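Next comes input.txt, a file with compact mmCIF, C-alpha atoms.
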# COMPACT_ATOMS: atom_id res chain seq x y z
CA MET A 24 -55.84 -107.15 -75.49
CA LYS A 25 -54.41 -107.70 -72.03
CA LEU A 26 -54.39 -104.10 -70.86
CA HIS A 27 -55.76 -105.11 -67.47
CA GLN A 28 -52.41 -106.85 -66.86
CA LEU A 29 -50.43 -103.60 -67.07
CA VAL A 30 -48.44 -102.76 -63.95
CA LEU A 31 -46.40 -99.59 -64.54
CA TYR A 32 -48.67 -98.08 -67.18
CA ARG A 33 -51.96 -98.66 -65.33
CA HIS A 34 -52.93 -95.00 -65.71
CA LEU A 35 -53.66 -95.81 -69.34
CA LEU A 36 -56.66 -97.85 -68.19
CA ASP A 37 -58.38 -94.59 -67.23
CA ASP A 38 -58.18 -93.25 -70.78
CA ALA A 39 -61.63 -92.84 -72.33
CA ILE A 40 -60.65 -94.06 -75.81
CA LEU A 41 -58.84 -97.14 -74.50
CA LYS A 42 -61.93 -97.98 -72.46
CA LYS A 43 -63.99 -97.85 -75.66
CA VAL A 44 -61.40 -99.98 -77.45
CA GLN A 45 -61.63 -102.62 -74.73
CA LEU A 46 -65.42 -102.50 -74.98
CA LEU A 47 -65.21 -102.94 -78.76
CA GLU A 48 -62.93 -105.94 -78.30
CA LEU A 49 -65.47 -107.50 -75.95
CA MET A 50 -68.29 -106.76 -78.41
CA THR A 51 -66.29 -108.39 -81.19
CA GLU A 52 -65.48 -111.50 -79.17
CA GLU A 53 -69.07 -111.81 -77.94
CA ALA A 54 -70.68 -110.75 -81.22
CA SER A 55 -73.84 -112.75 -80.57
CA LEU A 56 -74.58 -110.59 -77.51
CA TYR A 57 -74.33 -107.25 -79.32
CA SER A 58 -76.06 -105.95 -82.41
CA SER A 59 -74.00 -104.95 -85.41
CA VAL A 60 -75.36 -101.42 -84.99
CA SER A 61 -74.02 -101.10 -81.43
CA ARG A 62 -70.62 -102.48 -82.48
CA GLU A 63 -70.41 -100.14 -85.44
CA ASN A 64 -71.47 -97.22 -83.28
CA CYS A 65 -68.71 -97.97 -80.74
CA TYR A 66 -66.17 -98.34 -83.55
CA ASN A 67 -67.13 -95.02 -85.14
CA GLU A 68 -66.97 -93.20 -81.81
CA ILE A 69 -63.35 -94.39 -81.46
CA PHE A 70 -62.64 -93.41 -85.07
CA SER A 71 -64.09 -89.94 -84.56
CA GLN A 72 -62.10 -89.25 -81.41
CA LEU A 73 -58.84 -90.45 -82.99
CA VAL A 74 -59.36 -88.16 -85.97
CA SER A 75 -60.08 -85.24 -83.62
CA TYR A 76 -56.86 -85.96 -81.72
CA SER A 77 -54.76 -86.08 -84.89
CA GLU A 78 -56.32 -82.86 -86.14
CA LYS A 79 -55.73 -81.08 -82.83
CA GLN A 80 -52.11 -82.22 -82.60
CA GLN A 81 -51.54 -81.84 -86.37
CA LEU A 82 -50.21 -85.40 -86.62
CA SER A 83 -49.97 -87.33 -89.87
CA GLY A 84 -49.76 -91.10 -90.31
CA ASP A 85 -51.49 -93.89 -88.42
CA ILE A 86 -54.07 -92.27 -86.14
CA TRP A 87 -54.23 -95.23 -83.75
CA LYS A 88 -50.47 -95.56 -83.31
CA ASN A 89 -50.08 -91.79 -82.95
CA TYR A 90 -52.65 -91.75 -80.20
CA LEU A 91 -51.06 -94.62 -78.31
CA LEU A 92 -47.63 -92.95 -78.63
CA GLY A 93 -49.13 -89.82 -77.10
CA LEU A 94 -50.38 -91.84 -74.14
CA LEU A 95 -46.98 -93.49 -73.64
CA ALA A 96 -45.14 -90.18 -73.89
CA GLY A 97 -47.52 -88.54 -71.44
CA ASP A 98 -47.57 -91.24 -68.77
CA GLU A 99 -45.82 -90.59 -65.46
CA ASN A 100 -44.91 -93.81 -63.70
CA ALA A 101 -41.98 -95.27 -61.80
CA PHE A 102 -40.17 -96.24 -65.01
CA SER A 103 -40.70 -93.04 -67.01
CA LEU A 104 -39.79 -90.81 -64.04
CA ALA A 105 -36.64 -92.82 -63.34
CA CYS A 106 -35.63 -92.52 -67.00
CA GLU A 107 -36.31 -88.78 -66.96
CA SER A 108 -33.94 -88.33 -64.03
CA ALA A 109 -31.29 -90.40 -65.86
CA ALA A 110 -31.20 -92.84 -62.95
CA ASP A 111 -29.73 -96.32 -63.22
CA ILE A 112 -32.80 -98.43 -63.86
CA SER A 113 -32.93 -101.46 -61.60
CA PRO A 114 -33.28 -104.87 -63.26
CA SER A 115 -36.62 -105.37 -61.49
CA LEU A 116 -38.06 -102.11 -62.81
CA TYR A 117 -36.72 -102.80 -66.30
CA GLN A 118 -38.34 -106.25 -66.37
CA LEU A 119 -41.69 -104.74 -65.37
CA ALA A 120 -41.34 -102.16 -68.14
CA LEU A 121 -40.45 -104.90 -70.62
CA ARG A 122 -43.51 -106.88 -69.58
CA ASP A 123 -45.78 -103.85 -70.03
CA MET A 124 -44.23 -103.15 -73.43
CA SER A 125 -45.12 -106.66 -74.60
CA ILE A 126 -48.77 -105.90 -73.78
CA LEU A 127 -48.69 -102.42 -75.25
CA LEU A 128 -46.95 -103.54 -78.43
CA GLU A 129 -49.79 -105.99 -79.04
CA THR A 130 -52.19 -103.07 -78.60
CA TYR A 131 -50.03 -100.85 -80.80
CA GLU A 132 -50.16 -103.38 -83.67
CA TRP A 133 -53.90 -104.07 -83.39
CA ASP A 134 -55.35 -104.92 -86.83
CA TRP A 135 -58.07 -102.32 -87.28
CA THR A 136 -58.80 -103.34 -90.88
CA THR A 137 -59.81 -106.83 -89.77
CA ILE A 138 -61.85 -105.38 -86.91
CA ALA A 139 -63.68 -103.04 -89.28
CA ARG A 140 -64.50 -105.84 -91.71
CA SER A 141 -65.75 -108.07 -88.89
CA ILE A 142 -68.22 -105.36 -87.86
CA SER A 143 -69.63 -104.46 -91.25
CA GLU A 144 -68.65 -104.55 -94.91
CA ASP A 145 -69.45 -100.83 -95.00
CA CYS A 146 -67.23 -100.02 -92.01
CA THR A 147 -64.31 -97.77 -92.99
CA PRO A 148 -60.91 -98.97 -91.66
CA LEU A 149 -59.02 -96.52 -89.47
CA PHE A 150 -56.68 -94.20 -91.33
CA ASN A 151 -53.08 -95.41 -91.39
CA ASP A 152 -51.96 -92.47 -93.51
CA PHE A 153 -53.99 -89.58 -92.13
CA GLN A 154 -53.14 -86.06 -93.25
CA PRO A 155 -54.39 -83.25 -90.98
CA SER A 156 -55.82 -80.03 -92.35
CA ARG A 157 -53.43 -77.12 -92.53
CA VAL A 158 -54.42 -74.63 -89.86
CA ASP A 159 -53.32 -71.15 -88.85
CA ARG A 160 -54.53 -71.54 -85.27
CA PRO A 161 -51.95 -72.04 -82.53
CA PHE A 162 -51.28 -75.61 -81.50
CA ASN A 163 -48.75 -77.44 -79.35
CA HIS A 164 -45.69 -77.54 -81.63
CA HIS A 165 -43.56 -78.92 -78.80
CA GLN A 166 -45.73 -81.99 -78.30
CA GLN A 167 -45.97 -82.51 -82.05
CA ARG A 168 -42.16 -82.55 -82.39
CA ASN A 169 -41.83 -85.03 -79.55
CA LEU A 170 -44.41 -87.39 -81.03
CA HIS A 171 -42.69 -87.17 -84.42
CA GLN A 172 -39.48 -88.18 -82.67
CA LEU A 173 -41.20 -91.28 -81.29
CA GLN A 174 -42.76 -92.04 -84.66
CA GLN A 175 -39.33 -92.29 -86.23
CA VAL A 176 -38.04 -94.95 -83.83
CA LEU A 177 -41.15 -97.03 -83.16
CA ILE A 178 -41.50 -98.59 -86.59
CA ALA A 179 -43.52 -101.63 -87.57
CA GLY A 180 -42.09 -104.93 -86.37
CA ILE A 181 -40.22 -103.46 -83.39
CA SER A 182 -39.66 -105.78 -80.43
CA PRO A 183 -40.70 -105.12 -76.80
CA ALA A 184 -37.01 -104.75 -75.86
CA HIS A 185 -36.41 -102.15 -78.56
CA MET A 186 -39.61 -100.34 -77.65
CA THR A 187 -38.52 -100.22 -74.00
CA GLU A 188 -35.06 -98.92 -74.90
CA HIS A 189 -36.40 -96.26 -77.25
CA LEU A 190 -38.96 -95.04 -74.74
CA ALA A 191 -36.30 -94.92 -72.02
CA GLY A 192 -34.13 -92.74 -74.24
CA PHE A 193 -37.09 -90.54 -75.09
CA TYR A 194 -37.97 -89.99 -71.42
CA THR A 195 -34.35 -89.12 -70.66
CA THR A 196 -34.06 -86.48 -73.38
CA ALA A 197 -37.62 -85.11 -73.55
CA GLY A 198 -38.99 -85.85 -70.08
CA CYS A 199 -42.21 -87.68 -69.32
CA GLY A 200 -45.81 -86.73 -68.68
CA SER A 201 -46.63 -83.05 -68.74
CA MET A 202 -42.95 -82.12 -69.04
CA ASN A 203 -42.70 -83.45 -72.59
CA LYS A 204 -46.15 -82.18 -73.48
CA TYR A 205 -45.73 -78.58 -72.41
CA LEU A 206 -43.07 -75.91 -72.02
CA ALA A 207 -45.12 -73.47 -69.97
CA PHE A 208 -47.56 -73.94 -67.12
CA ARG A 209 -49.94 -72.03 -64.91
CA TRP A 210 -50.94 -73.04 -61.40
CA ASP A 211 -54.46 -74.02 -60.40
CA ASN A 212 -54.08 -76.40 -57.45
CA GLY A 213 -51.64 -78.22 -59.72
CA LEU A 214 -49.65 -77.57 -62.87
CA ILE A 215 -51.83 -76.86 -65.91
CA GLY A 216 -50.05 -76.97 -69.27
CA ILE A 217 -50.28 -73.96 -71.60
CA GLU A 218 -50.92 -75.16 -75.15
CA SER A 219 -49.49 -72.16 -77.00
CA PRO A 220 -46.98 -70.04 -75.06
CA ASP A 221 -46.07 -66.57 -76.29
CA PRO A 222 -43.65 -67.14 -79.23
CA VAL A 223 -41.63 -63.96 -78.54
CA ARG A 224 -37.86 -64.33 -78.87
CA LEU A 225 -35.03 -62.22 -77.51
CA GLU A 226 -34.15 -61.01 -81.00
CA ASP A 227 -37.64 -59.51 -81.23
CA LEU A 228 -36.79 -57.08 -78.42
CA VAL A 229 -35.04 -54.12 -79.97
CA GLY A 230 -32.40 -52.54 -77.76
CA TYR A 231 -31.98 -53.26 -74.04
CA GLN A 232 -28.84 -55.27 -74.86
CA TYR A 233 -27.31 -54.73 -71.43
CA GLN A 234 -30.43 -56.02 -69.68
CA LYS A 235 -30.72 -59.03 -71.99
CA GLN A 236 -27.07 -59.96 -71.49
CA ILE A 237 -27.54 -60.12 -67.72
CA ILE A 238 -30.67 -62.28 -68.02
CA ILE A 239 -29.04 -64.58 -70.56
CA ALA A 240 -25.87 -65.05 -68.50
CA ASN A 241 -27.83 -65.84 -65.34
CA THR A 242 -30.19 -68.25 -67.12
CA GLU A 243 -27.37 -70.10 -68.88
CA ALA A 244 -25.53 -70.49 -65.57
CA PHE A 245 -28.73 -71.90 -64.08
CA LEU A 246 -29.16 -74.43 -66.91
CA GLU A 247 -25.53 -75.49 -66.64
CA GLY A 248 -25.90 -76.27 -62.96
CA ARG A 249 -23.86 -73.29 -61.76
CA LYS A 250 -24.92 -70.78 -59.14
CA ALA A 251 -27.61 -68.41 -60.38
CA ASN A 252 -29.78 -65.70 -58.85
CA ASN A 253 -33.45 -64.85 -58.64
CA ILE A 254 -34.11 -61.75 -60.73
CA LEU A 255 -36.30 -58.68 -60.26
CA LEU A 256 -36.97 -56.76 -63.46
CA TYR A 257 -38.48 -53.37 -62.75
CA GLY A 258 -39.16 -50.25 -64.74
CA GLU A 259 -41.79 -48.34 -66.64
CA LYS A 260 -44.69 -50.02 -68.40
CA GLY A 261 -44.26 -51.38 -71.89
CA THR A 262 -40.48 -51.52 -71.80
CA GLY A 263 -40.16 -55.28 -72.42
CA LYS A 264 -39.70 -56.70 -68.92
CA SER A 265 -42.26 -59.48 -69.33
CA SER A 266 -41.24 -60.22 -72.91
CA SER A 267 -37.62 -60.60 -71.83
CA VAL A 268 -38.61 -63.35 -69.43
CA LYS A 269 -41.06 -65.12 -71.74
CA ALA A 270 -38.52 -65.10 -74.57
CA LEU A 271 -36.15 -67.21 -72.48
CA LEU A 272 -38.50 -70.17 -72.80
CA ASN A 273 -38.28 -70.10 -76.58
CA GLU A 274 -34.50 -69.80 -76.49
CA TYR A 275 -33.71 -72.50 -73.94
CA ALA A 276 -36.57 -75.02 -73.92
CA ALA A 277 -34.40 -77.51 -75.77
CA LEU A 278 -31.95 -77.39 -72.83
CA GLY A 279 -34.68 -78.38 -70.36
CA LEU A 280 -36.05 -74.99 -69.35
CA ARG A 281 -39.70 -74.83 -68.32
CA MET A 282 -41.70 -71.87 -67.03
CA ILE A 283 -44.52 -71.61 -64.49
CA GLU A 284 -46.59 -68.43 -64.26
CA ILE A 285 -48.30 -67.62 -60.99
CA SER A 286 -50.20 -64.54 -59.89
CA LYS A 287 -49.91 -62.47 -56.75
CA ASN A 288 -53.06 -64.11 -55.38
CA GLN A 289 -51.39 -67.52 -55.70
CA LEU A 290 -48.30 -66.70 -53.65
CA ILE A 291 -49.80 -68.60 -50.75
CA ASP A 292 -49.31 -71.71 -52.91
CA ILE A 293 -45.62 -71.08 -53.60
CA GLN A 294 -44.46 -74.01 -51.44
CA PRO A 295 -46.85 -76.53 -53.10
CA VAL A 296 -45.58 -75.28 -56.48
CA LEU A 297 -41.97 -75.88 -55.43
CA ARG A 298 -42.74 -79.31 -54.02
CA SER A 299 -44.45 -80.36 -57.26
CA ILE A 300 -41.31 -79.77 -59.35
CA LYS A 301 -38.35 -80.29 -57.03
CA SER A 302 -37.81 -83.91 -58.07
CA ARG A 303 -38.10 -83.30 -61.83
CA SER A 304 -35.05 -83.19 -64.05
CA GLN A 305 -36.01 -79.96 -65.83
CA HIS A 306 -35.05 -76.43 -64.74
CA PHE A 307 -37.95 -74.13 -63.87
CA ILE A 308 -38.38 -70.38 -63.86
CA ILE A 309 -41.35 -69.29 -61.76
CA PHE A 310 -42.57 -66.15 -63.49
CA ILE A 311 -44.56 -63.56 -61.54
CA ASP A 312 -45.60 -60.65 -63.69
CA ASP A 313 -46.40 -57.08 -62.60
CA LEU A 314 -45.93 -57.75 -58.91
CA SER A 315 -46.49 -55.09 -56.28
CA PHE A 316 -48.19 -54.84 -52.91
CA GLU A 317 -50.26 -52.24 -51.15
CA ASP A 318 -49.18 -51.38 -47.63
CA PHE A 319 -51.94 -53.53 -46.11
CA GLU A 320 -51.17 -56.66 -48.16
CA VAL A 321 -49.01 -59.34 -46.57
CA GLU A 322 -48.80 -61.96 -49.36
CA TYR A 323 -45.20 -60.88 -49.96
CA LYS A 324 -44.20 -62.81 -46.84
CA TYR A 325 -44.89 -66.13 -48.61
CA ILE A 326 -42.50 -65.36 -51.44
CA LYS A 327 -40.01 -63.69 -49.09
CA ALA A 328 -39.67 -66.92 -47.15
CA SER A 329 -39.26 -68.88 -50.37
CA LEU A 330 -36.47 -66.61 -51.52
CA GLU A 331 -34.63 -66.83 -48.24
CA GLY A 332 -35.40 -67.83 -44.68
CA SER A 333 -37.70 -70.84 -44.97
CA LEU A 334 -36.81 -74.08 -43.20
CA GLU A 335 -37.78 -75.89 -46.42
CA VAL A 336 -34.89 -75.35 -48.84
CA LYS A 337 -35.72 -74.00 -52.29
CA PRO A 338 -34.93 -76.65 -54.91
CA ASP A 339 -31.78 -76.18 -57.00
CA ASN A 340 -33.80 -76.49 -60.21
CA VAL A 341 -35.96 -73.41 -59.54
CA LEU A 342 -35.47 -69.66 -59.93
CA LEU A 343 -37.92 -66.79 -59.55
CA TYR A 344 -38.07 -64.07 -62.20
CA VAL A 345 -40.38 -61.23 -61.16
CA THR A 346 -41.40 -58.08 -63.02
CA SER A 347 -42.73 -54.90 -61.42
CA ASN A 348 -43.25 -51.22 -62.09
CA ARG A 349 -41.85 -50.52 -58.61
CA ARG A 350 -38.29 -50.86 -57.35
CA ASN A 351 -39.61 -51.25 -53.81
CA LEU A 352 -42.35 -53.80 -54.34
CA ILE A 353 -44.34 -52.82 -51.26
CA ARG A 354 -45.95 -49.40 -51.13
CA GLU A 355 -44.74 -47.22 -48.29
CA ASN A 356 -46.69 -44.12 -47.24
CA TRP A 357 -45.31 -41.05 -45.51
CA SER A 358 -48.03 -41.52 -42.93
CA GLU A 359 -46.34 -44.74 -41.81
CA ARG A 360 -43.36 -42.75 -40.57
CA ALA A 361 -45.66 -40.88 -38.17
CA GLN A 362 -47.46 -43.97 -36.87
CA ASP A 363 -47.35 -44.87 -33.23
CA ASP A 364 -45.23 -48.00 -33.83
CA VAL A 365 -42.49 -48.51 -31.25
CA HIS A 366 -40.44 -50.38 -33.83
CA GLY A 367 -41.57 -48.42 -36.85
CA PHE A 368 -38.10 -48.38 -38.39
CA ASP A 369 -37.97 -52.18 -38.26
CA SER A 370 -41.40 -52.44 -39.91
CA ARG A 371 -40.34 -50.15 -42.74
CA GLN A 372 -37.07 -52.04 -43.22
CA GLU A 373 -38.95 -55.32 -43.49
CA LYS A 374 -40.88 -53.93 -46.44
CA LEU A 375 -37.92 -52.26 -48.10
CA SER A 376 -35.70 -55.32 -47.71
CA PHE A 377 -38.05 -57.53 -49.73
CA ALA A 378 -36.60 -56.39 -53.07
CA ASP A 379 -33.11 -57.01 -51.72
CA ARG A 380 -33.87 -60.74 -51.54
CA PHE A 381 -33.45 -60.87 -55.31
CA GLY A 382 -29.80 -61.45 -56.18
CA ILE A 383 -30.09 -59.43 -59.40
CA THR A 384 -32.19 -56.34 -60.05
CA ILE A 385 -32.44 -55.09 -63.63
CA THR A 386 -33.84 -51.69 -64.56
CA TYR A 387 -35.84 -51.06 -67.73
CA THR A 388 -36.20 -47.36 -68.53
CA SER A 389 -38.43 -45.85 -71.21
CA PRO A 390 -36.52 -45.34 -74.45
CA ASP A 391 -35.38 -41.87 -75.43
CA GLN A 392 -36.51 -40.53 -78.78
CA ASP A 393 -33.66 -42.05 -80.81
CA HIS A 394 -34.15 -45.47 -79.22
CA PHE A 395 -37.91 -45.29 -79.72
CA LEU A 396 -37.52 -44.44 -83.40
CA ALA A 397 -34.95 -47.21 -83.82
CA ILE A 398 -37.50 -49.68 -82.41
CA VAL A 399 -40.15 -48.34 -84.81
CA GLU A 400 -37.84 -48.62 -87.82
CA THR A 401 -36.83 -52.17 -86.95
CA LEU A 402 -40.43 -53.29 -86.47
CA ALA A 403 -41.52 -51.56 -89.68
CA LYS A 404 -38.81 -53.39 -91.62
CA ARG A 405 -39.87 -56.74 -90.14
CA GLU A 406 -43.52 -56.08 -91.04
CA GLY A 407 -42.69 -54.92 -94.55
CA ILE A 408 -44.09 -51.41 -94.07
CA GLU A 409 -43.49 -49.41 -97.25
CA MET A 410 -43.01 -45.83 -96.13
CA SER A 411 -40.19 -43.32 -96.24
CA ILE A 412 -38.06 -43.09 -93.10
CA GLU A 413 -38.97 -39.42 -92.71
CA GLU A 414 -42.71 -40.04 -92.79
CA LEU A 415 -42.41 -43.11 -90.56
CA ARG A 416 -40.47 -41.17 -87.92
CA LEU A 417 -42.85 -38.20 -88.09
CA ARG A 418 -45.94 -40.36 -87.67
CA ALA A 419 -44.30 -42.36 -84.88
CA MET A 420 -43.57 -39.16 -82.91
CA GLN A 421 -47.15 -38.01 -83.44
CA TRP A 422 -48.37 -41.39 -82.17
CA GLU A 423 -46.32 -41.34 -78.98
CA ARG A 424 -47.43 -37.80 -78.15
CA LYS A 425 -51.08 -38.62 -78.79
CA TYR A 426 -51.26 -41.98 -77.05
CA HIS A 427 -49.03 -43.82 -74.59
CA GLY A 428 -45.66 -42.11 -74.76
CA ARG A 429 -42.43 -43.79 -75.78
CA SER A 430 -42.09 -47.52 -75.08
CA GLY A 431 -41.56 -50.77 -76.93
CA ARG A 432 -45.24 -51.58 -76.50
CA SER A 433 -46.23 -48.22 -77.94
CA ALA A 434 -43.98 -48.86 -80.95
CA VAL A 435 -45.65 -52.24 -81.54
CA GLN A 436 -49.09 -50.62 -81.32
CA PHE A 437 -48.05 -47.93 -83.77
CA ILE A 438 -46.86 -50.49 -86.32
CA ALA A 439 -50.10 -52.46 -85.84
CA SER A 440 -52.05 -49.28 -86.65
CA LEU A 441 -50.18 -48.98 -89.95
CA ASN A 442 -51.14 -52.54 -90.84
CA ALA A 443 -54.80 -52.06 -89.91

Please lay out the structure from this file as structure tokens.
Amino acid sequence: MKLHQLVLYRHLLDDAILKKVQLLELMTEEASLYSSVSRENCYNEIFSQLVSYSEKQQLSGDIWKNYLLGLLAGDENAFSLACESAADISPSLYQLALRDMSILLETYEWDWTTIARSISEDCTPLFNDFQPSRVDRPFNHHQQRNLHQLQQVLIAGISPAHMTEHLAGFYTTAGCGSMNKYLAFRWDNGLIGIESPDPVRLEDLVGYQYQKQIIIANTEAFLEGRKANNILLYGEKGTGKSSSVKALLNEYAALGLRMIEISKNQLIDIQPVLRSIKSRSQHFIIFIDDLSFEDFEVEYKYIKASLEGSLEVKPDNVLLYVTSNRRNLIRENWSERAQDDVHGFDSRQEKLSFADRFGITITYTSPDQDHFLAIVETLAKREGIEMSIEELRLRAMQWERKYHGRSGRSAVQFIASLNA
């Protein structure tokens, strides 16, 4: 292998498994310097980690090639980022990519059966037709689909030129690095991918058609490159505000939508978040759930400047969708009106004007009895609950009086109690 000669894909040299593979190659070439036990041990460590990777990602086929495809898909370099942005690739950059592909294709086609036999007659060759166990646990379906897409085009006998072209097309359609691995992220001094985002879809939210239509129209305009607004969704607890936002990811991920969740305590990092994504080709919704401020908290000023008023312009590929139980996000006390503040009116207006920075405000009210029962009936039908409508409605009304009142969340909890 000539992996040390890589230029664009040098990040791959930091991969733990590739380091072991290079060590195994050295051990094989200098067999007299290493015992057969140490060579076999190194080989089996690689084998074990490749099997673990294929199991985790639920990938079938050649475990070595699948792993290398995952590294190529996940690498962010000058070539992959340029392809993602659909830029015209310069001849110089293309030639560097072509050179790297020649090296990587040699690695991709490494003959593991011969390597295994050279180590020991008892050494099991790597699986080239691995079948993962069927699991019910959540896993990254998005990454699995992307790797399957690459599997279909990178067949045996492919040339470096074809490999370069196929990868370029993949980066353009699916993105590169973390953007083709994940749909949702959280922030922790950098974007951290979320393996299994909430699978909720808009069709799962019974009622609230007016609210959903506004969110859908705004989001579609955003994805189409038209003018779109930041949105504040406010209303009573359990009415589906958060689910409405999270469902957008499952509806529009294929069109390049990604979502980043940050907490109130992370608002100080809002500008680093924006800078980390402004040059990416995807569209991002920054999701802040259950946001509100006490009268002594000033973190709202960070997000207020990001919405409007900062010298650093908010990127065109970013919107903020915020949920809250309060229409006026900052608590205002009657005592403030009696404070000895010369410009007290201005201070109060600063707080009250924060919510006005959102171009669209959508209200979610608790369902009335008919709406609540309609939600219950729909959920019961989906879950296959066998019960007469009369009994179902009676028990649902008893539930809402006894527990949390009428809301979509309460309806879900009621149905869960019937399945318990």

Given the choices A:Tyr231, A:Met186, A:His306, A:Ala240, which gets closest to A:Leu206 if the distance is worked out from only C-alpha atoms? A:His306

So, counting only C-alpha atoms, which residue among A:Gln80, A:Asp227, A:His34, A:Leu47 is closest to A:Thr401? A:Asp227

Skipping near chain neighbours, those fewer than 5 positions away, what residues fall within 12 Å of A:Ser115 using only C-alpha atoms, listed as a VMD selection string? chain A and resid 31 101 to 102 120 to 122

Do you have the atom CA of A:Thr386-atom CA of A:Thr262 distance handy?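 It comes out at 9.8 Å.
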
Within 12 Å of A:Glu218, counting all atoms listed in the file, which residues qualify if same-chain residues fewer than 2 places away don't, as a list in words?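 Close residues of A:Glu218: Lys79, Gln80, Arg160, Pro161, Phe162, Asn163, His164, His165, Gln166, Gln167, Ser201, Asn203, Lys204, Tyr205, Leu206, Ala207, Phe208, Arg209, Ile215, Gly216, Pro220, Asp221 and Pro222 of chain A.
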
Could you tell me how far atom CA of A:Arg416 lies from atom CA of A:Asp391, in Å and to one decimal?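 Value for the atom CA of A:Arg416-atom CA of A:Asp391 distance: 13.5 Å.
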
Counting all atoms listed in the file, the option among A:Cys106, A:Gly263, A:Gln232, A:Glu129 closest to A:Ala191: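 The shortest atom-to-atom distance to A:Ala191 comes from A:Cys106.
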
As an exercise, work out the distance from atom CA of A:Phe310 to atom CA of A:Val345 in Å and give it to one decimal place.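 Taking atom CA of A:Phe310 as the start and atom CA of A:Val345 as the end point, the length is 5.9 Å.
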
Got a sec: who's within 8 Å of A:Tyr131, counting all atoms listed in the file, leaving out chain neighbours fewer than 2 positions off, as a list of chain:residue names?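 Residues near the query, excluding close chain neighbours: A:Trp87, A:Lys88, A:Leu91, A:Leu127, A:Leu128, A:Glu129, A:Trp133.
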
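Non-sequential neighbours of A:Met124 (distance at most 10 Å, separation of 5 or more positions within a chain, only C-alpha atoms) are A:Leu29, A:Leu31, A:Tyr32, A:Gln118, A:Leu119, A:Glu129, A:Thr130, A:Tyr131, A:Ser182, A:Pro183, A:Ala184, A:His185, A:Met186, A:Thr187, A:Leu190.
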